[in-house]
Amino acid sequence: MGTELDRAHERSTSMIGTEERRHLGVVRVDEAVAFARACAEDDPRFLDPARPDFSVHPMYLPSLLRGPRGGLDDEYRTDGMFADEVPGTAGLEVRLMAGGQDIAFHRPPPLGEQIEASRTIERVERKGRPGSEFLLITVTKTYRAATTGVLAAVTERFIVR
């Protein structure tokens, strides 16, 4: 029959190269400022939208997981993560952990423009030794604005046990 980890491996491996897209809505001034405050940012360029050099905090985009409506209760795992955040693991009793992130920023997120994230599984590796195996799933995400183009490219790694 196989373990939950075997099922996660089979599911995620079958998704390698498949692109998924999610519409994240528009970047709003109030939300961008609230994010900067939550990050304990003290640079006024990220906190005062009246400034001529106001900009959205660079880490705002990679933190967006859903559009403005947020998530519904049934979209969460019991550990608080979104059920579909780590591809191939939805509904499985596996433990998830962040395994690192690389971000290439291309341009600041534009206010008021529609943002879309695309996600592709690049690699699934089975690691460890018998009895303590885990998966390392590597995912790329690309954040784009409707007219501005690519804003950021993110490579994320997830550990699945």
# chains A, B, ... in the order shown; residues from 1 in each chain; ligands from 1
$ residues_around --residues "Arg21 in chain A" --least-positions-apart "6" --cutoff "10 Å" --atoms "only C-alpha atoms" --output "JSON, numbers by chain"
{"A": [116, 117, 118, 119, 120, 141, 142, 143]}
$ closest_residue --among "A:Leu151, A:Met59, A:Ile121, A:Ala83" --to "Thr13 in chain A" --atoms "only C-alpha atoms"
A:Ile121
$ residues_around --residues "range 159-161 of chain A" --least-positions-apart "6" --cutoff "9 Å" --atoms "only C-alpha atoms" --output "ChimeraX atom specification"
/A:4-5,8,86,89,94-99,132-137
$ closest_residue --among "A:Thr140, A:Tyr60, A:Ala104, A:Arg37" --to "Glu19 in chain A" --atoms "only C-alpha atoms"
A:Thr140
$ select_by_dssp --residues "range 1-153 of chain A" --states "helix (DSSP H, G or I)" --output "PDB file with N, CA, C and O atoms, in the first residue's frame"
ATOM      1  N   GLU A   4       2.283   7.526   3.635  1.00  0.00           N
ATOM      2  CA  GLU A   4       1.863   8.862   3.224  1.00  0.00           C
ATOM      3  C   GLU A   4       3.004   9.570   2.483  1.00  0.00           C
ATOM      4  O   GLU A   4       2.770  10.291   1.534  1.00  0.00           O
ATOM      5  N   LEU A   5       4.238   9.318   2.920  1.00  0.00           N
ATOM      6  CA  LEU A   5       5.386   9.909   2.233  1.00  0.00           C
ATOM      7  C   LEU A   5       5.497   9.351   0.815  1.00  0.00           C
ATOM      8  O   LEU A   5       5.783  10.098  -0.126  1.00  0.00           O
ATOM      9  N   ASP A   6       5.242   8.051   0.647  1.00  0.00           N
ATOM     10  CA  ASP A   6       5.237   7.463  -0.697  1.00  0.00           C
ATOM     11  C   ASP A   6       4.191   8.133  -1.577  1.00  0.00           C
ATOM     12  O   ASP A   6       4.439   8.430  -2.749  1.00  0.00           O
ATOM     13  N   ARG A   7       3.007   8.370  -1.018  1.00  0.00           N
ATOM     14  CA  ARG A   7       1.932   9.023  -1.782  1.00  0.00           C
ATOM     15  C   ARG A   7       2.324  10.464  -2.142  1.00  0.00           C
ATOM     16  O   ARG A   7       2.078  10.911  -3.260  1.00  0.00           O
ATOM     17  N   ALA A   8       2.933  11.168  -1.191  1.00  0.00           N
ATOM     18  CA  ALA A   8       3.380  12.538  -1.477  1.00  0.00           C
ATOM     19  C   ALA A   8       4.434  12.527  -2.588  1.00  0.00           C
ATOM     20  O   ALA A   8       4.410  13.381  -3.483  1.00  0.00           O
ATOM     21  N   HIS A   9       5.336  11.570  -2.535  1.00  0.00           N
ATOM     22  CA  HIS A   9       6.373  11.449  -3.569  1.00  0.00           C
ATOM     23  C   HIS A   9       5.743  11.180  -4.930  1.00  0.00           C
ATOM     24  O   HIS A   9       6.081  11.832  -5.930  1.00  0.00           O
ATOM     25  N   GLU A  10       4.826  10.242  -4.980  1.00  0.00           N
ATOM     26  CA  GLU A  10       4.167   9.899  -6.244  1.00  0.00           C
ATOM     27  C   GLU A  10       3.399  11.094  -6.799  1.00  0.00           C
ATOM     28  O   GLU A  10       3.514  11.426  -7.984  1.00  0.00           O
ATOM     29  N   ARG A  11       2.624  11.744  -5.961  1.00  0.00           N
ATOM     30  CA  ARG A  11       1.834  12.902  -6.406  1.00  0.00           C
ATOM     31  C   ARG A  11       2.727  14.041  -6.892  1.00  0.00           C
ATOM     32  O   ARG A  11       2.503  14.598  -7.968  1.00  0.00           O
ATOM     33  N   SER A  12       3.695  14.435  -6.077  1.00  0.00           N
ATOM     34  CA  SER A  12       4.521  15.587  -6.437  1.00  0.00           C
ATOM     35  C   SER A  12       5.385  15.300  -7.661  1.00  0.00           C
ATOM     36  O   SER A  12       5.560  16.167  -8.517  1.00  0.00           O
ATOM     37  N   THR A  13       5.895  14.075  -7.768  1.00  0.00           N
ATOM     38  CA  THR A  13       6.697  13.708  -8.942  1.00  0.00           C
ATOM     39  C   THR A  13       5.857  13.784 -10.217  1.00  0.00           C
ATOM     40  O   THR A  13       6.339  14.234 -11.260  1.00  0.00           O
ATOM     41  N   SER A  14       4.583  13.389 -10.119  1.00  0.00           N
ATOM     42  CA  SER A  14       3.715  13.432 -11.305  1.00  0.00           C
ATOM     43  C   SER A  14       3.403  14.869 -11.734  1.00  0.00           C
ATOM     44  O   SER A  14       2.955  15.091 -12.853  1.00  0.00           O
ATOM     45  N   VAL A  29      -2.251  50.079  -1.286  1.00  0.00           N
ATOM     46  CA  VAL A  29      -1.390  50.884  -0.428  1.00  0.00           C
ATOM     47  C   VAL A  29      -1.539  50.478   1.034  1.00  0.00           C
ATOM     48  O   VAL A  29      -0.541  50.232   1.721  1.00  0.00           O
ATOM     49  N   ASP A  30      -2.776  50.406   1.526  1.00  0.00           N
ATOM     50  CA  ASP A  30      -2.991  50.107   2.945  1.00  0.00           C
ATOM     51  C   ASP A  30      -2.392  48.763   3.347  1.00  0.00           C
ATOM     52  O   ASP A  30      -1.790  48.637   4.414  1.00  0.00           O
ATOM     53  N   GLU A  31      -2.554  47.754   2.484  1.00  0.00           N
ATOM     54  CA  GLU A  31      -2.013  46.429   2.787  1.00  0.00           C
ATOM     55  C   GLU A  31      -0.491  46.430   2.722  1.00  0.00           C
ATOM     56  O   GLU A  31       0.169  45.770   3.527  1.00  0.00           O
ATOM     57  N   ALA A  32       0.063  47.174   1.779  1.00  0.00           N
ATOM     58  CA  ALA A  32       1.524  47.250   1.659  1.00  0.00           C
ATOM     59  C   ALA A  32       2.133  47.920   2.893  1.00  0.00           C
ATOM     60  O   ALA A  32       3.159  47.459   3.421  1.00  0.00           O
ATOM     61  N   VAL A  33       1.518  48.978   3.363  1.00  0.00           N
ATOM     62  CA  VAL A  33       2.008  49.673   4.554  1.00  0.00           C
ATOM     63  C   VAL A  33       1.845  48.773   5.782  1.00  0.00           C
ATOM     64  O   VAL A  33       2.757  48.671   6.616  1.00  0.00           O
ATOM     65  N   ALA A  34       0.701  48.095   5.903  1.00  0.00           N
ATOM     66  CA  ALA A  34       0.478  47.192   7.043  1.00  0.00           C
ATOM     67  C   ALA A  34       1.521  46.077   7.053  1.00  0.00           C
ATOM     68  O   ALA A  34       2.023  45.699   8.118  1.00  0.00           O
ATOM     69  N   PHE A  35       1.884  45.570   5.893  1.00  0.00           N
ATOM     70  CA  PHE A  35       2.913  44.534   5.808  1.00  0.00           C
ATOM     71  C   PHE A  35       4.248  45.080   6.315  1.00  0.00           C
ATOM     72  O   PHE A  35       4.935  44.439   7.113  1.00  0.00           O
ATOM     73  N   ALA A  36       4.626  46.263   5.846  1.00  0.00           N
ATOM     74  CA  ALA A  36       5.902  46.859   6.273  1.00  0.00           C
ATOM     75  C   ALA A  36       5.922  47.059   7.784  1.00  0.00           C
ATOM     76  O   ALA A  36       6.929  46.778   8.445  1.00  0.00           O
ATOM     77  N   ARG A  37       4.816  47.504   8.340  1.00  0.00           N
ATOM     78  CA  ARG A  37       4.745  47.680   9.802  1.00  0.00           C
ATOM     79  C   ARG A  37       4.890  46.342  10.518  1.00  0.00           C
ATOM     80  O   ARG A  37       5.576  46.242  11.537  1.00  0.00           O
ATOM     81  N   ALA A  38       4.216  45.318   9.999  1.00  0.00           N
ATOM     82  CA  ALA A  38       4.290  43.983  10.615  1.00  0.00           C
ATOM     83  C   ALA A  38       5.713  43.429  10.574  1.00  0.00           C
ATOM     84  O   ALA A  38       6.088  42.621  11.430  1.00  0.00           O
ATOM     85  N   PRO A  44      11.004  54.955   5.985  1.00  0.00           N
ATOM     86  CA  PRO A  44       9.773  55.677   5.635  1.00  0.00           C
ATOM     87  C   PRO A  44       9.316  55.470   4.188  1.00  0.00           C
ATOM     88  O   PRO A  44       8.140  55.665   3.883  1.00  0.00           O
ATOM     89  N   ARG A  45      10.201  55.059   3.306  1.00  0.00           N
ATOM     90  CA  ARG A  45       9.785  54.799   1.912  1.00  0.00           C
ATOM     91  C   ARG A  45       8.731  53.700   1.831  1.00  0.00           C
ATOM     92  O   ARG A  45       7.946  53.657   0.888  1.00  0.00           O
ATOM     93  N   PHE A  46       8.711  52.786   2.812  1.00  0.00           N
ATOM     94  CA  PHE A  46       7.751  51.683   2.826  1.00  0.00           C
ATOM     95  C   PHE A  46       6.551  51.966   3.726  1.00  0.00           C
ATOM     96  O   PHE A  46       5.589  51.191   3.731  1.00  0.00           O
ATOM     97  N   LEU A  47       6.616  53.061   4.498  1.00  0.00           N
ATOM     98  CA  LEU A  47       5.588  53.330   5.505  1.00  0.00           C
ATOM     99  C   LEU A  47       4.721  54.546   5.216  1.00  0.00           C
ATOM    100  O   LEU A  47       3.618  54.657   5.746  1.00  0.00           O
ATOM    101  N   TYR A  60       7.025  41.828   0.274  1.00  0.00           N
ATOM    102  CA  TYR A  60       5.559  41.739   0.249  1.00  0.00           C
ATOM    103  C   TYR A  60       5.080  40.696  -0.758  1.00  0.00           C
ATOM    104  O   TYR A  60       4.256  39.844  -0.440  1.00  0.00           O
ATOM    105  N   LEU A  61       5.597  40.767  -1.973  1.00  0.00           N
ATOM    106  CA  LEU A  61       5.140  39.827  -3.010  1.00  0.00           C
ATOM    107  C   LEU A  61       5.344  38.365  -2.638  1.00  0.00           C
ATOM    108  O   LEU A  61       4.399  37.579  -2.711  1.00  0.00           O
ATOM    109  N   PRO A  62       6.550  37.949  -2.253  1.00  0.00           N
ATOM    110  CA  PRO A  62       6.736  36.531  -1.938  1.00  0.00           C
ATOM    111  C   PRO A  62       5.911  36.056  -0.741  1.00  0.00           C
ATOM    112  O   PRO A  62       5.748  34.863  -0.542  1.00  0.00           O
ATOM    113  N   SER A  63       5.369  36.996   0.026  1.00  0.00           N
ATOM    114  CA  SER A  63       4.551  36.596   1.165  1.00  0.00           C
ATOM    115  C   SER A  63       3.089  36.391   0.777  1.00  0.00           C
ATOM    116  O   SER A  63       2.304  35.857   1.554  1.00  0.00           O
ATOM    117  N   ASP A  73     -11.664  28.399   5.890  1.00  0.00           N
ATOM    118  CA  ASP A  73     -11.262  27.432   6.913  1.00  0.00           C
ATOM    119  C   ASP A  73     -10.847  26.083   6.335  1.00  0.00           C
ATOM    120  O   ASP A  73      -9.865  25.494   6.767  1.00  0.00           O
ATOM    121  N   ASP A  74     -11.586  25.592   5.333  1.00  0.00           N
ATOM    122  CA  ASP A  74     -11.274  24.260   4.796  1.00  0.00           C
ATOM    123  C   ASP A  74     -10.063  24.243   3.869  1.00  0.00           C
ATOM    124  O   ASP A  74      -9.666  23.196   3.368  1.00  0.00           O
ATOM    125  N   GLU A  75      -9.436  25.410   3.654  1.00  0.00           N
ATOM    126  CA  GLU A  75      -8.227  25.478   2.835  1.00  0.00           C
ATOM    127  C   GLU A  75      -6.954  25.334   3.662  1.00  0.00           C
ATOM    128  O   GLU A  75      -5.859  25.347   3.112  1.00  0.00           O
TER     129      GLU A  75
END
$ residues_around --residues "Tyr76 in chain A" --least-positions-apart "4" --cutoff "12 Å" --atoms "only C-alpha atoms" --output "PDB file with N, CA and C atoms, in the first residue's frame"
ATOM      1  N   LEU A  65       0.124  34.590  -0.551  1.00  0.00           N
ATOM      2  CA  LEU A  65      -0.231  33.205  -0.853  1.00  0.00           C
ATOM      3  C   LEU A  65      -1.634  33.095  -1.418  1.00  0.00           C
ATOM      4  N   ARG A  66      -2.456  34.062  -1.142  1.00  0.00           N
ATOM      5  CA  ARG A  66      -3.834  34.088  -1.607  1.00  0.00           C
ATOM      6  C   ARG A  66      -4.176  35.506  -2.025  1.00  0.00           C
ATOM      7  N   GLY A  70      -8.296  36.150   1.184  1.00  0.00           N
ATOM      8  CA  GLY A  70      -7.628  35.276   2.150  1.00  0.00           C
ATOM      9  C   GLY A  70      -8.027  33.835   1.933  1.00  0.00           C
ATOM     10  N   GLY A  71      -7.914  33.037   2.974  1.00  0.00           N
ATOM     11  CA  GLY A  71      -8.251  31.625   2.871  1.00  0.00           C
ATOM     12  C   GLY A  71      -9.516  31.294   3.642  1.00  0.00           C
ATOM     13  N   LEU A  72     -10.198  30.264   3.187  1.00  0.00           N
ATOM     14  CA  LEU A  72     -11.358  29.746   3.897  1.00  0.00           C
ATOM     15  C   LEU A  72     -10.891  28.659   4.860  1.00  0.00           C
ATOM     16  N   GLY A  80      -1.821  24.893  10.194  1.00  0.00           N
ATOM     17  CA  GLY A  80      -1.949  26.297   9.824  1.00  0.00           C
ATOM     18  C   GLY A  80      -1.493  26.648   8.423  1.00  0.00           C
ATOM     19  N   MET A  81      -0.840  25.726   7.733  1.00  0.00           N
ATOM     20  CA  MET A  81      -0.427  25.991   6.348  1.00  0.00           C
ATOM     21  C   MET A  81      -1.619  25.777   5.419  1.00  0.00           C
ATOM     22  N   PHE A  82      -1.564  26.405   4.253  1.00  0.00           N
ATOM     23  CA  PHE A  82      -2.577  26.123   3.250  1.00  0.00           C
ATOM     24  C   PHE A  82      -2.395  24.689   2.760  1.00  0.00           C
ATOM     25  N   ALA A  83      -3.485  23.979   2.570  1.00  0.00           N
ATOM     26  CA  ALA A  83      -3.441  22.567   2.180  1.00  0.00           C
ATOM     27  C   ALA A  83      -2.705  22.357   0.864  1.00  0.00           C
ATOM     28  N   ASP A  84      -2.747  23.343  -0.031  1.00  0.00           N
ATOM     29  CA  ASP A  84      -2.113  23.177  -1.342  1.00  0.00           C
ATOM     30  C   ASP A  84      -0.784  23.927  -1.469  1.00  0.00           C
ATOM     31  N   GLU A  85      -0.252  24.432  -0.362  1.00  0.00           N
ATOM     32  CA  GLU A  85       0.981  25.221  -0.442  1.00  0.00           C
ATOM     33  C   GLU A  85       2.179  24.374  -0.854  1.00  0.00           C
ATOM     34  N   VAL A  86       2.229  23.139  -0.391  1.00  0.00           N
ATOM     35  CA  VAL A  86       3.309  22.231  -0.788  1.00  0.00           C
ATOM     36  C   VAL A  86       2.689  21.215  -1.749  1.00  0.00           C
ATOM     37  N   ALA A  90      -1.606  17.757  -0.281  1.00  0.00           N
ATOM     38  CA  ALA A  90      -2.949  18.078   0.215  1.00  0.00           C
ATOM     39  C   ALA A  90      -3.662  16.810   0.696  1.00  0.00           C
ATOM     40  N   GLY A  91      -4.196  16.874   1.905  1.00  0.00           N
ATOM     41  CA  GLY A  91      -4.958  15.759   2.460  1.00  0.00           C
ATOM     42  C   GLY A  91      -4.129  14.637   3.052  1.00  0.00           C
TER      43      GLY A  91
END
$ residues_around --residues "Thr138 in chain A" --least-positions-apart "2" --cutoff "7 Å" --atoms "only C-alpha atoms" --output "PyMOL selection string"
chain A and resi 121-124+136+140+155-158
$ residues_around --residues "Thr148 in chain A" --least-positions-apart "6" --cutoff "10 Å" --atoms "only C-alpha atoms" --output "count of residues only"
7
$ closest_residue --among "A:Ala152, A:Val27, A:Ile16, A:Ile103" --to "Ser55 in chain A" --atoms "only C-alpha atoms"
A:Val27
$ closest_residue --among "A:Val56, A:Ala40, A:Val139, A:Val150" --to "Thr18 in chain A" --atoms "only C-alpha atoms"
A:Val139
$ atom_distance --atom1 "CA of Arg28 in chain A" --atom2 "CA of Ala146 in chain A"
14.7 Å
$ atom_distance --atom1 "CA of Phe105 in chain A" --atom2 "CA of Ala50 in chain A"
24.0 Å
$ select_by_dssp --residues "range 94-150 of chain A" --states "strand (DSSP E or B)" --output "ChimeraX atom specification"
/A:96-105,111,114-127,134-145,149-150
$ write_last_selection --atoms "C-alpha atoms" --output "short mmCIF file (atom, residue, chain, number, x, y, z; two decimals), in the first residue's frame"
data_model
loop_
_atom_site.label_atom_id
_atom_site.label_comp_id
_atom_site.auth_asym_id
_atom_site.auth_seq_id
_atom_site.Cartn_x
_atom_site.Cartn_y
_atom_site.Cartn_z
CA LEU A 96 5.97 20.06 6.31
CA MET A 97 8.84 22.45 6.78
CA ALA A 98 10.37 25.29 4.79
CA GLY A 99 13.69 24.24 3.30
CA GLY A 100 15.00 27.56 2.01
CA GLN A 101 14.11 30.28 -0.44
CA ASP A 102 16.00 32.24 -3.10
CA ILE A 103 14.43 35.41 -4.48
CA ALA A 104 15.39 37.43 -7.54
CA PHE A 105 13.67 40.83 -7.54
CA LEU A 111 0.17 49.66 -6.93
CA GLN A 114 -3.38 42.82 -11.08
CA ILE A 115 -0.79 40.35 -9.78
CA GLU A 116 -0.54 36.70 -10.75
CA ALA A 117 1.73 33.99 -9.39
CA SER A 118 2.66 30.93 -11.39
CA ARG A 119 4.14 27.88 -9.69
CA THR A 120 6.00 24.89 -11.12
CA ILE A 121 7.55 21.90 -9.38
CA GLU A 122 11.10 21.65 -10.66
CA ARG A 123 12.43 18.68 -8.70
CA VAL A 124 11.43 16.10 -6.11
CA GLU A 125 14.22 14.30 -4.25
CA ARG A 126 13.91 11.48 -1.78
CA LYS A 127 16.58 11.85 0.90
CA PHE A 134 12.06 12.79 3.66
CA LEU A 135 11.28 14.58 0.42
CA LEU A 136 12.87 17.79 -0.75
CA ILE A 137 10.49 19.46 -3.18
CA THR A 138 11.84 22.39 -5.21
CA VAL A 139 9.28 24.82 -6.59
CA THR A 140 9.68 27.96 -8.67
CA LYS A 141 7.20 30.81 -8.44
CA THR A 142 7.07 33.77 -10.76
CA TYR A 143 5.14 36.89 -9.78
CA ARG A 144 3.87 39.01 -12.67
CA ALA A 145 1.89 42.22 -12.97
CA GLY A 149 5.63 42.00 -16.44
CA VAL A 150 7.81 39.83 -14.19
#
